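Below is one structure; the comments refer to it alone.
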Amino acid sequence: MNTTPSSPLNSTSTTASVGRALVLGGGGSTGNAWLIGVVAGLFEAGLDVTEADLIIGTSAGSTAAAQITGTSPTQLLADILSAALPQRIAPGGYDGGRARAGQAANHMERTSRIIAAAADVADMRRRMGAAALEMAAASDGSGQTRWRDTVASRLPSQHWPERTVLITAVDAHTGEPVVFDRHSGVDLVDAVAASCASGFAYCIGSSGYIDGGYRTNADNADLAAGYARVLVLSPFGGRSRTPADWGMHLATQVDELRARGSRVETIFPDSSSEHLFGANAMDLSLRPPAARAGYEQGRALAVQLTEFWR
């Protein structure tokens, strides 16, 4: 995988445009917890980034976007830290952690083969969509209902906020990128469920959708074009599994934003918490340490970010 610079905070200043944008990237269950932790750490240190003029959410970041616009970051963090861990099934083991880790590994293997076989990004999206539709067709449909219920249970409010929130996905039938907002005629729960659909295609009416991370990458920071200040929180540290010559990496998007006049800051998990993501991203037992790691980073970076954000 290619990465953007490994520093937890990278910035460049250029000519200003208009407004502030917060980009919340994908990264599985631990990624969501880390995002909430960072936002809560900033908030409790006096910097409220939830007041952004634009919030962009992808996959786990779409859940975080809906969460931070529905209740306080402090409450969200407390909920993560107080949540019961998955029930133990053997000494030293957790059912949720082991089962999800195995599912995640199988999913990564399948999708890696699709990426390797694709000619370009459009071909990759179509192939991903076709595979997800095939999995949906082979199921009895109960998974869709359970997934919607799961997503709904995670959201403080099931109503779109008044501020501008963009939720990314990909049309499974056509491979075309999709961006949902409050004007799309789609319930917030369905938009988030679609953006997080990393296995089977999630259906809204007659349309099926897959994970927004396949739109460009896990962050989709390009949607912040035209905003003066852009803060990107990337649980995967800007990494991408796609070839560099496809131009989908976060570093490429950040360069383009800066070239168009945006000031951009990126926050990545620090080196001491990198093991919580990637292969471990779906391990529910790692959510509390991921949230705590994000919280400490947020508090540590608040002073440095305040002048930039305000």
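By convention here, the chains of the structure tokens are called A, B, ... in the order presented, each chain's residues are numbered starting at 1, and ligands are numbered starting at 1 in the order presented.
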
> region 171-211 of chain A: which residues are helix (DSSP H, G or I) by DSSP, as a ChimeraX atom specification?
Replying inline: /A:188-195

>> With DSSP run on the backbone, what are the strand (DSSP E or B) residues within region 92-241 of chain A? I'd like them as number ranges by chain.
In response: A: 93-94, 164-171, 177-180, 202-204, 207-211, 229-233, 240

Just the selected residues (N, CA and C atoms), exported as a PDB file, in the first residue's frame, please.
ATOM      1  N   GLY A  93     -10.296 -15.027  24.603  1.00  0.00           N
ATOM      2  CA  GLY A  93     -10.901 -14.779  23.294  1.00  0.00           C
ATOM      3  C   GLY A  93     -12.235 -14.093  23.390  1.00  0.00           C
ATOM      4  N   TYR A  94     -12.609 -13.412  22.333  1.00  0.00           N
ATOM      5  CA  TYR A  94     -13.911 -12.761  22.246  1.00  0.00           C
ATOM      6  C   TYR A  94     -14.603 -13.247  20.984  1.00  0.00           C
ATOM      7  N   THR A 164     -24.710  20.843   6.221  1.00  0.00           N
ATOM      8  CA  THR A 164     -24.432  20.026   5.048  1.00  0.00           C
ATOM      9  C   THR A 164     -23.579  18.817   5.413  1.00  0.00           C
ATOM     10  N   VAL A 165     -24.159  17.648   5.278  1.00  0.00           N
ATOM     11  CA  VAL A 165     -23.458  16.388   5.508  1.00  0.00           C
ATOM     12  C   VAL A 165     -23.559  15.565   4.236  1.00  0.00           C
ATOM     13  N   LEU A 166     -22.426  15.113   3.737  1.00  0.00           N
ATOM     14  CA  LEU A 166     -22.380  14.278   2.535  1.00  0.00           C
ATOM     15  C   LEU A 166     -21.965  12.865   2.923  1.00  0.00           C
ATOM     16  N   ILE A 167     -22.732  11.878   2.474  1.00  0.00           N
ATOM     17  CA  ILE A 167     -22.454  10.467   2.748  1.00  0.00           C
ATOM     18  C   ILE A 167     -22.174   9.771   1.422  1.00  0.00           C
ATOM     19  N   THR A 168     -21.024   9.139   1.310  1.00  0.00           N
ATOM     20  CA  THR A 168     -20.602   8.553   0.038  1.00  0.00           C
ATOM     21  C   THR A 168     -20.997   7.084  -0.088  1.00  0.00           C
ATOM     22  N   ALA A 169     -21.193   6.650  -1.324  1.00  0.00           N
ATOM     23  CA  ALA A 169     -21.470   5.249  -1.645  1.00  0.00           C
ATOM     24  C   ALA A 169     -21.149   5.041  -3.119  1.00  0.00           C
ATOM     25  N   VAL A 170     -21.388   3.844  -3.601  1.00  0.00           N
ATOM     26  CA  VAL A 170     -21.213   3.511  -5.020  1.00  0.00           C
ATOM     27  C   VAL A 170     -22.418   2.698  -5.472  1.00  0.00           C
ATOM     28  N   ASP A 171     -22.980   3.032  -6.623  1.00  0.00           N
ATOM     29  CA  ASP A 171     -24.098   2.285  -7.188  1.00  0.00           C
ATOM     30  C   ASP A 171     -23.599   0.906  -7.618  1.00  0.00           C
ATOM     31  N   PRO A 177     -20.166   6.579  -8.796  1.00  0.00           N
ATOM     32  CA  PRO A 177     -20.104   7.145  -7.445  1.00  0.00           C
ATOM     33  C   PRO A 177     -21.421   7.809  -7.074  1.00  0.00           C
ATOM     34  N   VAL A 178     -21.771   7.754  -5.802  1.00  0.00           N
ATOM     35  CA  VAL A 178     -23.006   8.338  -5.289  1.00  0.00           C
ATOM     36  C   VAL A 178     -22.679   9.151  -4.045  1.00  0.00           C
ATOM     37  N   VAL A 179     -23.318  10.315  -3.916  1.00  0.00           N
ATOM     38  CA  VAL A 179     -23.188  11.128  -2.709  1.00  0.00           C
ATOM     39  C   VAL A 179     -24.591  11.466  -2.222  1.00  0.00           C
ATOM     40  N   PHE A 180     -24.923  11.009  -1.021  1.00  0.00           N
ATOM     41  CA  PHE A 180     -26.225  11.298  -0.425  1.00  0.00           C
ATOM     42  C   PHE A 180     -26.137  12.541   0.454  1.00  0.00           C
ATOM     43  N   TYR A 202     -26.283  -3.135  -0.369  1.00  0.00           N
ATOM     44  CA  TYR A 202     -27.397  -2.667   0.446  1.00  0.00           C
ATOM     45  C   TYR A 202     -28.421  -2.014  -0.473  1.00  0.00           C
ATOM     46  N   CYS A 203     -29.665  -2.480  -0.392  1.00  0.00           N
ATOM     47  CA  CYS A 203     -30.700  -2.006  -1.316  1.00  0.00           C
ATOM     48  C   CYS A 203     -31.532  -0.878  -0.723  1.00  0.00           C
ATOM     49  N   ILE A 204     -31.722   0.160  -1.517  1.00  0.00           N
ATOM     50  CA  ILE A 204     -32.640   1.249  -1.208  1.00  0.00           C
ATOM     51  C   ILE A 204     -33.600   1.312  -2.395  1.00  0.00           C
ATOM     52  N   SER A 207     -32.508   0.050  -6.077  1.00  0.00           N
ATOM     53  CA  SER A 207     -31.080   0.280  -6.282  1.00  0.00           C
ATOM     54  C   SER A 207     -30.258  -0.390  -5.190  1.00  0.00           C
ATOM     55  N   GLY A 208     -29.075  -0.851  -5.560  1.00  0.00           N
ATOM     56  CA  GLY A 208     -28.162  -1.448  -4.604  1.00  0.00           C
ATOM     57  C   GLY A 208     -26.902  -0.602  -4.501  1.00  0.00           C
ATOM     58  N   TYR A 209     -26.301  -0.573  -3.319  1.00  0.00           N
ATOM     59  CA  TYR A 209     -25.135   0.277  -3.082  1.00  0.00           C
ATOM     60  C   TYR A 209     -24.066  -0.483  -2.317  1.00  0.00           C
ATOM     61  N   ILE A 210     -22.812  -0.053  -2.526  1.00  0.00           N
ATOM     62  CA  ILE A 210     -21.689  -0.625  -1.803  1.00  0.00           C
ATOM     63  C   ILE A 210     -20.887   0.486  -1.140  1.00  0.00           C
ATOM     64  N   ASP A 211     -19.950   0.065  -0.340  1.00  0.00           N
ATOM     65  CA  ASP A 211     -19.137   0.936   0.511  1.00  0.00           C
ATOM     66  C   ASP A 211     -18.609   2.170  -0.224  1.00  0.00           C
ATOM     67  N   ARG A 229     -10.634  25.757   4.561  1.00  0.00           N
ATOM     68  CA  ARG A 229      -9.902  24.908   5.492  1.00  0.00           C
ATOM     69  C   ARG A 229     -10.516  23.521   5.487  1.00  0.00           C
ATOM     70  N   VAL A 230      -9.676  22.534   5.340  1.00  0.00           N
ATOM     71  CA  VAL A 230     -10.137  21.145   5.271  1.00  0.00           C
ATOM     72  C   VAL A 230      -9.354  20.324   6.281  1.00  0.00           C
ATOM     73  N   LEU A 231     -10.082  19.705   7.199  1.00  0.00           N
ATOM     74  CA  LEU A 231      -9.469  18.831   8.187  1.00  0.00           C
ATOM     75  C   LEU A 231      -9.861  17.396   7.867  1.00  0.00           C
ATOM     76  N   VAL A 232      -8.865  16.550   7.605  1.00  0.00           N
ATOM     77  CA  VAL A 232      -9.097  15.163   7.235  1.00  0.00           C
ATOM     78  C   VAL A 232      -8.661  14.247   8.375  1.00  0.00           C
ATOM     79  N   LEU A 233      -9.593  13.451   8.878  1.00  0.00           N
ATOM     80  CA  LEU A 233      -9.287  12.434   9.876  1.00  0.00           C
ATOM     81  C   LEU A 233      -9.332  11.079   9.176  1.00  0.00           C
ATOM     82  N   SER A 240      -4.144   3.345   0.659  1.00  0.00           N
ATOM     83  CA  SER A 240      -5.098   2.864  -0.333  1.00  0.00           C
ATOM     84  C   SER A 240      -4.585   1.554  -0.913  1.00  0.00           C
TER      85      SER A 240
END

> Using only C-alpha atoms, which residues sit within 8 Å of Ala66 (chain A) once same-chain residues fewer than 3 positions away are excluded, as a PyMOL selection string?
Replying inline: chain A and resi 62-63+69-70+155-157+160+188+192

Prev. selection, N, CA and C atoms, output as a PDB file, in the first residue's frame:
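Once written, selection_19.pdb looks like this:
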ATOM      1  N   SER A  62     -19.011   7.698   7.818  1.00  0.00           N
ATOM      2  CA  SER A  62     -20.397   8.145   7.629  1.00  0.00           C
ATOM      3  C   SER A  62     -21.176   7.957   8.924  1.00  0.00           C
ATOM      4  N   THR A  63     -20.908   6.854   9.641  1.00  0.00           N
ATOM      5  CA  THR A  63     -21.536   6.656  10.941  1.00  0.00           C
ATOM      6  C   THR A  63     -21.106   7.756  11.897  1.00  0.00           C
ATOM      7  N   THR A  69     -23.260  14.823  14.610  1.00  0.00           N
ATOM      8  CA  THR A  69     -24.264  15.849  14.348  1.00  0.00           C
ATOM      9  C   THR A  69     -25.553  15.569  15.111  1.00  0.00           C
ATOM     10  N   GLY A  70     -25.566  14.467  15.881  1.00  0.00           N
ATOM     11  CA  GLY A  70     -26.758  14.094  16.624  1.00  0.00           C
ATOM     12  C   GLY A  70     -26.628  14.234  18.122  1.00  0.00           C
ATOM     13  N   LEU A 155     -27.077   5.371  15.752  1.00  0.00           N
ATOM     14  CA  LEU A 155     -27.262   6.793  15.478  1.00  0.00           C
ATOM     15  C   LEU A 155     -28.085   7.471  16.564  1.00  0.00           C
ATOM     16  N   PRO A 156     -27.615   8.579  17.110  1.00  0.00           N
ATOM     17  CA  PRO A 156     -28.381   9.311  18.120  1.00  0.00           C
ATOM     18  C   PRO A 156     -29.692   9.863  17.572  1.00  0.00           C
ATOM     19  N   SER A 157     -29.688  10.204  16.275  1.00  0.00           N
ATOM     20  CA  SER A 157     -30.891  10.700  15.601  1.00  0.00           C
ATOM     21  C   SER A 157     -30.953  10.070  14.218  1.00  0.00           C
ATOM     22  N   TRP A 160     -31.736  13.689   9.144  1.00  0.00           N
ATOM     23  CA  TRP A 160     -30.618  14.435   8.594  1.00  0.00           C
ATOM     24  C   TRP A 160     -30.460  15.753   9.355  1.00  0.00           C
ATOM     25  N   LEU A 188     -31.506   8.994   6.468  1.00  0.00           N
ATOM     26  CA  LEU A 188     -30.125   9.018   6.958  1.00  0.00           C
ATOM     27  C   LEU A 188     -29.637   7.613   7.288  1.00  0.00           C
ATOM     28  N   VAL A 192     -26.274   5.865   5.532  1.00  0.00           N
ATOM     29  CA  VAL A 192     -25.144   5.351   6.296  1.00  0.00           C
ATOM     30  C   VAL A 192     -24.981   3.847   6.073  1.00  0.00           C
TER      31      VAL A 192
END

Within 8 Å of Leu276 (chain A) using only C-alpha atoms, minus same-chain residues under 4 positions, as a PDB file with C-alpha atoms, in the first residue's frame:
ATOM      1  CA  THR A  30     -12.024   0.639  15.403  1.00  0.00           C
ATOM      2  CA  ASN A 280      -8.073  -5.575  13.336  1.00  0.00           C
ATOM      3  CA  ALA A 281     -10.527  -2.940  12.145  1.00  0.00           C
ATOM      4  CA  LEU A 286     -10.491  -2.915  20.317  1.00  0.00           C
ATOM      5  CA  ALA A 290      -8.920   3.006  19.634  1.00  0.00           C
TER       6      ALA A 290
END

>> Residues within 8 Å of region 221-224 of chain A, please, as an MDAnalysis selection string. Count only C-alpha atoms; anything in the same chain fewer than 4 positions from it doesn't count.
In response: chainID A and resid 21 23 54 56 230 232 250 253:254 256:257

Give me a file of those residues, with N, CA and C atoms, as a PDB file, in the first residue's frame.
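New file selection.pdb:
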ATOM      1  N   ALA A  21     -14.356  22.460   6.124  1.00  0.00           N
ATOM      2  CA  ALA A  21     -14.846  21.113   5.840  1.00  0.00           C
ATOM      3  C   ALA A  21     -14.143  20.108   6.732  1.00  0.00           C
ATOM      4  N   VAL A  23     -13.535  16.057   7.074  1.00  0.00           N
ATOM      5  CA  VAL A  23     -13.583  14.809   6.321  1.00  0.00           C
ATOM      6  C   VAL A  23     -13.326  13.651   7.281  1.00  0.00           C
ATOM      7  N   LEU A  54     -19.198  21.908   6.258  1.00  0.00           N
ATOM      8  CA  LEU A  54     -19.403  20.684   5.480  1.00  0.00           C
ATOM      9  C   LEU A  54     -18.769  19.530   6.231  1.00  0.00           C
ATOM     10  N   ILE A  56     -18.027  15.426   5.574  1.00  0.00           N
ATOM     11  CA  ILE A  56     -18.021  14.345   4.588  1.00  0.00           C
ATOM     12  C   ILE A  56     -17.743  13.040   5.321  1.00  0.00           C
ATOM     13  N   VAL A 230      -9.676  22.534   5.340  1.00  0.00           N
ATOM     14  CA  VAL A 230     -10.137  21.145   5.271  1.00  0.00           C
ATOM     15  C   VAL A 230      -9.354  20.324   6.281  1.00  0.00           C
ATOM     16  N   VAL A 232      -8.865  16.550   7.605  1.00  0.00           N
ATOM     17  CA  VAL A 232      -9.097  15.163   7.235  1.00  0.00           C
ATOM     18  C   VAL A 232      -8.661  14.247   8.375  1.00  0.00           C
ATOM     19  N   LEU A 250      -5.155   9.448  -0.985  1.00  0.00           N
ATOM     20  CA  LEU A 250      -5.435  10.669  -0.242  1.00  0.00           C
ATOM     21  C   LEU A 250      -4.397  11.743  -0.545  1.00  0.00           C
ATOM     22  N   GLN A 253      -5.335  13.657  -3.536  1.00  0.00           N
ATOM     23  CA  GLN A 253      -6.476  14.546  -3.299  1.00  0.00           C
ATOM     24  C   GLN A 253      -6.063  15.772  -2.487  1.00  0.00           C
ATOM     25  N   VAL A 254      -5.211  15.567  -1.494  1.00  0.00           N
ATOM     26  CA  VAL A 254      -4.742  16.691  -0.690  1.00  0.00           C
ATOM     27  C   VAL A 254      -3.959  17.679  -1.551  1.00  0.00           C
ATOM     28  N   GLU A 256      -4.338  18.209  -4.701  1.00  0.00           N
ATOM     29  CA  GLU A 256      -5.284  18.914  -5.566  1.00  0.00           C
ATOM     30  C   GLU A 256      -6.059  19.979  -4.798  1.00  0.00           C
ATOM     31  N   LEU A 257      -6.451  19.679  -3.555  1.00  0.00           N
ATOM     32  CA  LEU A 257      -7.141  20.665  -2.736  1.00  0.00           C
ATOM     33  C   LEU A 257      -6.258  21.874  -2.494  1.00  0.00           C
TER      34      LEU A 257
END

>> Could you check the closest approach to Asp255 (chain A) for each of A:Val121, A:Val39, A:Leu305, A:Ala225 and tell me which residue wins, using only C-alpha atoms?
In response: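 Using only C-alpha atoms, the shortest distance to Asp255 (chain A) belongs to A:Ala225.
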
>> Would you pick out the contacts of region 122-138 of chain A at 10 Å or less, using only C-alpha atoms, so that residues sharing its chain but fewer than 4 positions from it are not included, and give the list as a PyMOL selection string?
In response: chain A and resi 110-111+114-118+143-144+170-177+197-203+208-211+214-216+242+246

Output the selection as a tab-separated table (two decimals), in the first residue's frame - N, CA, C and O atoms for each residue.
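Writing the result to part_25.tsv gives the following:
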chain	number	residue	atom	x	y	z
A	110	ARG	N	-11.01	-11.38	-0.93
A	110	ARG	CA	-11.88	-11.31	-2.11
A	110	ARG	C	-11.74	-9.98	-2.85
A	110	ARG	O	-11.59	-9.94	-4.08
A	111	THR	N	-11.77	-8.90	-2.11
A	111	THR	CA	-11.73	-7.59	-2.76
A	111	THR	C	-10.35	-7.28	-3.33
A	111	THR	O	-10.24	-6.59	-4.35
A	114	ILE	N	-10.29	-8.68	-6.73
A	114	ILE	CA	-11.05	-7.84	-7.66
A	114	ILE	C	-10.23	-6.63	-8.08
A	114	ILE	O	-10.18	-6.28	-9.26
A	115	ILE	N	-9.59	-5.99	-7.13
A	115	ILE	CA	-8.76	-4.82	-7.45
A	115	ILE	C	-7.63	-5.21	-8.39
A	115	ILE	O	-7.35	-4.51	-9.37
A	116	ALA	N	-6.99	-6.35	-8.13
A	116	ALA	CA	-5.87	-6.79	-8.97
A	116	ALA	C	-6.32	-7.09	-10.39
A	116	ALA	O	-5.56	-6.90	-11.35
A	117	ALA	N	-7.56	-7.56	-10.56
A	117	ALA	CA	-8.05	-7.92	-11.89
A	117	ALA	C	-8.60	-6.73	-12.67
A	117	ALA	O	-8.77	-6.82	-13.89
A	118	ALA	N	-8.87	-5.60	-11.99
A	118	ALA	CA	-9.52	-4.46	-12.63
A	118	ALA	C	-8.55	-3.66	-13.49
A	118	ALA	O	-7.36	-3.52	-13.17
A	143	GLY	N	-30.40	-10.37	6.10
A	143	GLY	CA	-29.20	-9.63	6.44
A	143	GLY	C	-29.36	-8.14	6.26
A	143	GLY	O	-28.85	-7.34	7.04
A	144	GLN	N	-30.10	-7.76	5.22
A	144	GLN	CA	-30.35	-6.34	4.97
A	144	GLN	C	-31.12	-5.72	6.14
A	144	GLN	O	-30.78	-4.63	6.61
A	170	VAL	N	-21.39	3.84	-3.60
A	170	VAL	CA	-21.21	3.51	-5.02
A	170	VAL	C	-22.42	2.70	-5.47
A	170	VAL	O	-22.85	1.78	-4.75
A	171	ASP	N	-22.98	3.03	-6.62
A	171	ASP	CA	-24.10	2.29	-7.19
A	171	ASP	C	-23.60	0.91	-7.62
A	171	ASP	O	-22.72	0.79	-8.49
A	172	ALA	N	-24.13	-0.14	-7.01
A	172	ALA	CA	-23.65	-1.49	-7.28
A	172	ALA	C	-23.98	-1.95	-8.70
A	172	ALA	O	-23.28	-2.81	-9.25
A	173	HIS	N	-25.03	-1.43	-9.29
A	173	HIS	CA	-25.44	-1.85	-10.64
A	173	HIS	C	-24.59	-1.20	-11.72
A	173	HIS	O	-24.26	-1.83	-12.73
A	174	THR	N	-24.24	0.07	-11.54
A	174	THR	CA	-23.52	0.81	-12.58
A	174	THR	C	-22.06	1.08	-12.26
A	174	THR	O	-21.27	1.39	-13.15
A	175	GLY	N	-21.71	1.00	-10.99
A	175	GLY	CA	-20.36	1.36	-10.58
A	175	GLY	C	-20.15	2.86	-10.44
A	175	GLY	O	-19.03	3.31	-10.19
A	176	GLU	N	-21.22	3.65	-10.60
A	176	GLU	CA	-21.08	5.10	-10.53
A	176	GLU	C	-21.01	5.57	-9.07
A	176	GLU	O	-21.73	5.07	-8.20
A	177	PRO	N	-20.17	6.58	-8.80
A	177	PRO	CA	-20.10	7.14	-7.45
A	177	PRO	C	-21.42	7.81	-7.07
A	177	PRO	O	-22.12	8.36	-7.93
A	197	ALA	N	-21.68	-0.60	3.48
A	197	ALA	CA	-21.97	-1.93	2.94
A	197	ALA	C	-20.73	-2.51	2.27
A	197	ALA	O	-20.53	-2.36	1.06
A	198	SER	N	-19.91	-3.19	3.05
A	198	SER	CA	-18.64	-3.69	2.50
A	198	SER	C	-18.72	-5.13	2.02
A	198	SER	O	-17.77	-5.64	1.44
A	199	GLY	N	-19.84	-5.81	2.25
A	199	GLY	CA	-20.00	-7.18	1.77
A	199	GLY	C	-21.07	-7.24	0.70
A	199	GLY	O	-20.81	-7.01	-0.48
A	200	PHE	N	-22.30	-7.53	1.10
A	200	PHE	CA	-23.40	-7.57	0.14
A	200	PHE	C	-23.85	-6.16	-0.21
A	200	PHE	O	-23.58	-5.21	0.52
A	201	ALA	N	-24.53	-6.02	-1.33
A	201	ALA	CA	-25.06	-4.72	-1.74
A	201	ALA	C	-26.26	-4.37	-0.86
A	201	ALA	O	-27.15	-5.19	-0.65
A	202	TYR	N	-26.28	-3.14	-0.37
A	202	TYR	CA	-27.40	-2.67	0.45
A	202	TYR	C	-28.42	-2.01	-0.47
A	202	TYR	O	-28.08	-1.10	-1.24
A	203	CYS	N	-29.67	-2.48	-0.39
A	203	CYS	CA	-30.70	-2.01	-1.32
A	203	CYS	C	-31.53	-0.88	-0.72
A	203	CYS	O	-31.95	-0.95	0.44
A	208	GLY	N	-29.07	-0.85	-5.56
A	208	GLY	CA	-28.16	-1.45	-4.60
A	208	GLY	C	-26.90	-0.60	-4.50
A	208	GLY	O	-26.47	0.01	-5.48
A	209	TYR	N	-26.30	-0.57	-3.32
A	209	TYR	CA	-25.14	0.28	-3.08
A	209	TYR	C	-24.07	-0.48	-2.32
A	209	TYR	O	-24.36	-1.40	-1.55
A	210	ILE	N	-22.81	-0.05	-2.53
A	210	ILE	CA	-21.69	-0.63	-1.80
A	210	ILE	C	-20.89	0.49	-1.14
A	210	ILE	O	-21.11	1.67	-1.38
A	211	ASP	N	-19.95	0.06	-0.34
A	211	ASP	CA	-19.14	0.94	0.51
A	211	ASP	C	-18.61	2.17	-0.22
A	211	ASP	O	-18.04	2.08	-1.31
A	214	TYR	N	-15.08	2.82	-2.02
A	214	TYR	CA	-14.74	2.48	-3.41
A	214	TYR	C	-15.01	3.65	-4.36
A	214	TYR	O	-14.74	3.55	-5.55
A	215	ARG	N	-15.56	4.75	-3.85
A	215	ARG	CA	-15.80	5.92	-4.71
A	215	ARG	C	-14.47	6.46	-5.23
A	215	ARG	O	-14.26	6.59	-6.43
A	216	THR	N	-13.59	6.85	-4.33
A	216	THR	CA	-12.20	7.17	-4.70
A	216	THR	C	-11.26	6.46	-3.73
A	216	THR	O	-10.39	5.71	-4.13
A	242	THR	N	-5.46	0.57	-3.92
A	242	THR	CA	-5.48	0.69	-5.38
A	242	THR	C	-4.14	1.15	-5.92
A	242	THR	O	-3.36	1.79	-5.20
A	246	TRP	N	-3.82	5.09	-10.52
A	246	TRP	CA	-5.26	5.37	-10.63
A	246	TRP	C	-5.60	6.74	-10.05
A	246	TRP	O	-6.71	7.24	-10.25

>> Please determine, counting only C-alpha atoms, which residue among A:Arg163, A:Arg148, A:Arg113, A:Arg241 has the shortest atom-to-atom distance to Ile68 (chain A).
In response: A:Arg163

> Between A:Ser273, A:Gln297, A:Ala291, A:Ala191, which is the closest to Val151 (chain A) once you count only C-alpha atoms?
Replying inline: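 Residue with the minimum atom-to-atom distance to Val151 (chain A): A:Ala191.
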
> So what do you get for CA of Asp48 (chain A) versus CA of Gly294 (chain A), distance-wise?
Replying inline: 15.0 Å
